[in-house]
Amino acid sequence: MKSNRKSIYIGTVCLEPTRWGSRQPSLAVSDWLKRFEADGFDGVELWEFHYLAADEAEQERLVAAAAPVAIYNSYVGFADEDAEARAKVAEAIARLRAKAVKYNLGGDATKLDEYRRNLLAWAEQVSPSCRLLCECHPGTVLENVEDAVAFFKDLDPERFGVIAHVSGDAEVLKPWFVGFHGRVQHLHVQMRGPESDPTVPENRPPFDACFDVAKAHGYQGSVAIEFSRGVGRDEDMETIYRNACADLAYCREALGC
C-alpha cells in the first residue's frame, strides 16, 4: 500500500530573529537537529545564512549531518553580476547534499530573459538530483500565476518545481494548483497570528480550506513550517518553536499524513 505520509520540515528561518535584519545567525542549527527529529520533523529547510554566515566548525557539523537538510533556502540573485554568488551556492548545495533548493528570480521585468538564461545555466551547476523550487515571491517577476506558468511551460516539471504559500486564503492558493497541474512540489506554511492557532478548532477554517485545496488536487509534495505565532513580535525562540510544533501536528492532521 502506498504511504500517504508527506515530509514536513522546520524552516530554520522561523526561529532566526535576524532574518529581516543583519542576517547574521544567532543560533547554530546543528544544536537543534536532534530536537527537530525527536519532535517529529522530517528534516530542515535550511535558511541560507545559517550555513553561509556560520563559522567553519558549524558548516562542518551541518555537512556531517547533511541528511536532515532537505531544502536549501537561498536568496541568490539571477542577474549576470550574481554569477559568483550562484557558484558559491551551488557548492554549498553539493556539500550539504540538499534534495532541493528554494530560490526567487529578481523583480526587474526587463531582465526576465537574463534571469531565465542564468537559471538554466545554474541548473547545470547544481547536482541533477537537486530540484529547483521557485517561491514566486511577491515583488518578483513571477509573483503572478499566469506569468509563472508561461515562464516554466517548457521546463521539466520534476526538476523545476514551484512553492505555494499556505497563509489562510484558499482563494489565493487555488490558482497555483489549477494553473500548474502538479508542478507545485512544496508548501510554505505561515500560521503567524493568534487567530490562526491550530490548537483552537474554531480558528482553523481558513487553513482547513487551504489544505482541502491541496488534497483536492492530489498534492504529493512536502511542507515547511516557515513562520509561526510569535514571529515579528517580541520574539522568544522557545515560544515560536512550541508553536511550530503545534503547526506540525495540525498539518499532519489536515493533510491526513
# chains A, B, ... in the order shown; residues from 1 in each chain; ligands from 1
call {"tool": "closest_atom_pairs", "arguments": {"of": "segment 13-57 of chain A", "to": "segment 85-94 of chain A", "cutoff": "9 Å", "atoms": "only C-alpha atoms", "output": "CSV"}}
result
residue,atom,partner,partner_atom,distance
A:Glu48,CA,A:Val89,CA,8.7
A:Tyr51,CA,A:Ala92,CA,8.1
A:Leu52,CA,A:Ala92,CA,7.9
call {"tool": "select_by_dssp", "arguments": {"residues": "segment 93-255 of chain A", "states": "helix (DSSP H, G or I)", "output": "PyMOL selection string"}}
result
chain A and resi 93-96+109-125+145-152+170-180+194-196+201-203+205-216+237-255
call {"tool": "select_by_dssp", "arguments": {"residues": "segment 11-84 of chain A", "states": "strand (DSSP E or B)", "output": "PyMOL selection string"}}
result
chain A and resi 11+44-47+69-73
call {"tool": "residues_around", "arguments": {"residues": "Arg5 of chain A", "least_positions_apart": "5", "cutoff": "10 Å", "atoms": "only C-alpha atoms", "output": "PyMOL selection string"}}
result
chain A and resi 220-222+252+255-257
call {"tool": "residues_around", "arguments": {"residues": "Val29 of chain A", "least_positions_apart": "2", "cutoff": "9 Å", "atoms": "only C-alpha atoms", "output": "list in words"}}
result
Thr12, Leu27, Asp31, Trp32, Leu33, Leu46, His50, Tyr51, Glu58 and Leu62 of chain A
call {"tool": "write_last_selection", "arguments": {"atoms": "N, CA and C atoms", "output": "PDB file, in the first residue's frame"}}
result
ATOM      1  N   THR A  12      14.319  26.819   9.268  1.00  0.00           N
ATOM      2  CA  THR A  12      15.128  27.421  10.335  1.00  0.00           C
ATOM      3  C   THR A  12      14.988  28.940  10.357  1.00  0.00           C
ATOM      4  N   LEU A  27      21.761  31.542  16.044  1.00  0.00           N
ATOM      5  CA  LEU A  27      21.651  30.178  16.552  1.00  0.00           C
ATOM      6  C   LEU A  27      22.435  29.248  15.646  1.00  0.00           C
ATOM      7  N   ASP A  31      22.856  22.462  16.683  1.00  0.00           N
ATOM      8  CA  ASP A  31      22.463  22.223  18.069  1.00  0.00           C
ATOM      9  C   ASP A  31      21.006  21.779  18.196  1.00  0.00           C
ATOM     10  N   TRP A  32      20.223  22.042  17.161  1.00  0.00           N
ATOM     11  CA  TRP A  32      18.789  21.774  17.198  1.00  0.00           C
ATOM     12  C   TRP A  32      18.385  20.504  16.458  1.00  0.00           C
ATOM     13  N   LEU A  33      19.272  19.910  15.695  1.00  0.00           N
ATOM     14  CA  LEU A  33      18.867  18.839  14.783  1.00  0.00           C
ATOM     15  C   LEU A  33      18.243  17.648  15.502  1.00  0.00           C
ATOM     16  N   LEU A  46      16.792  24.738   5.338  1.00  0.00           N
ATOM     17  CA  LEU A  46      17.884  25.483   5.953  1.00  0.00           C
ATOM     18  C   LEU A  46      17.994  26.888   5.388  1.00  0.00           C
ATOM     19  N   HIS A  50      22.262  30.440   7.784  1.00  0.00           N
ATOM     20  CA  HIS A  50      22.640  29.505   8.841  1.00  0.00           C
ATOM     21  C   HIS A  50      23.777  28.601   8.390  1.00  0.00           C
ATOM     22  N   TYR A  51      24.080  28.649   7.097  1.00  0.00           N
ATOM     23  CA  TYR A  51      25.256  27.942   6.579  1.00  0.00           C
ATOM     24  C   TYR A  51      26.325  28.927   6.119  1.00  0.00           C
ATOM     25  N   GLU A  58      30.717  25.151  12.404  1.00  0.00           N
ATOM     26  CA  GLU A  58      29.277  24.908  12.236  1.00  0.00           C
ATOM     27  C   GLU A  58      28.980  24.389  10.835  1.00  0.00           C
ATOM     28  N   LEU A  62      27.060  20.821   9.974  1.00  0.00           N
ATOM     29  CA  LEU A  62      25.899  20.693   9.106  1.00  0.00           C
ATOM     30  C   LEU A  62      26.171  19.737   7.950  1.00  0.00           C
TER      31      LEU A  62
END
call {"tool": "closest_residue", "arguments": {"among": "A:Val76, A:Ala150, A:Ala121, A:Leu132", "to": "Ala98 of chain A", "atoms": "only C-alpha atoms"}}
result
A:Leu132
call {"tool": "residues_around", "arguments": {"residues": "Ile240 of chain A", "least_positions_apart": "5", "cutoff": "7 Å", "atoms": "only C-alpha atoms", "output": "PDB file with N, CA, C and O atoms, in the first residue's frame"}}
result
ATOM      1  N   LEU A  15      12.937  30.424  13.306  1.00  0.00           N
ATOM      2  CA  LEU A  15      13.497  30.628  14.640  1.00  0.00           C
ATOM      3  C   LEU A  15      14.529  31.741  14.702  1.00  0.00           C
ATOM      4  O   LEU A  15      15.005  32.078  15.793  1.00  0.00           O
ATOM      5  N   SER A 228       5.619  30.978  12.377  1.00  0.00           N
ATOM      6  CA  SER A 228       4.581  30.596  13.324  1.00  0.00           C
ATOM      7  C   SER A 228       4.286  31.766  14.250  1.00  0.00           C
ATOM      8  O   SER A 228       4.881  32.843  14.123  1.00  0.00           O
ATOM      9  N   ARG A 229       3.392  31.552  15.183  1.00  0.00           N
ATOM     10  CA  ARG A 229       2.976  32.636  16.079  1.00  0.00           C
ATOM     11  C   ARG A 229       4.136  33.088  16.961  1.00  0.00           C
ATOM     12  O   ARG A 229       4.857  32.259  17.526  1.00  0.00           O
ATOM     13  N   GLY A 230       4.303  34.395  17.026  1.00  0.00           N
ATOM     14  CA  GLY A 230       5.402  34.983  17.766  1.00  0.00           C
ATOM     15  C   GLY A 230       6.450  35.615  16.872  1.00  0.00           C
ATOM     16  O   GLY A 230       7.226  36.466  17.322  1.00  0.00           O
ATOM     17  N   VAL A 231       6.460  35.237  15.606  1.00  0.00           N
ATOM     18  CA  VAL A 231       7.410  35.827  14.661  1.00  0.00           C
ATOM     19  C   VAL A 231       7.015  37.273  14.393  1.00  0.00           C
ATOM     20  O   VAL A 231       5.843  37.582  14.141  1.00  0.00           O
TER      21      VAL A 231
END
call {"tool": "residues_around", "arguments": {"residues": "Ser74 of chain A", "least_positions_apart": "5", "cutoff": "7 Å", "atoms": "only C-alpha atoms", "output": "PyMOL selection string"}}
result
chain A and resi 47-48+101-103
call {"tool": "closest_residue", "arguments": {"among": "A:Tyr9, A:Phe151, A:Phe177, A:Phe207", "to": "Leu112 of chain A", "atoms": "only C-alpha atoms"}}
result
A:Phe151
call {"tool": "closest_residue", "arguments": {"among": "A:Gly11, A:Pro25, A:Pro194, A:Gly107", "to": "Val69 of chain A", "atoms": "only C-alpha atoms"}}
result
A:Gly11
call {"tool": "residues_around", "arguments": {"residues": "Tyr115 of chain A", "least_positions_apart": "6", "cutoff": "7 Å", "atoms": "only C-alpha atoms", "output": "list in words"}}
result
Phe78, Ala79 and Leu105 of chain A
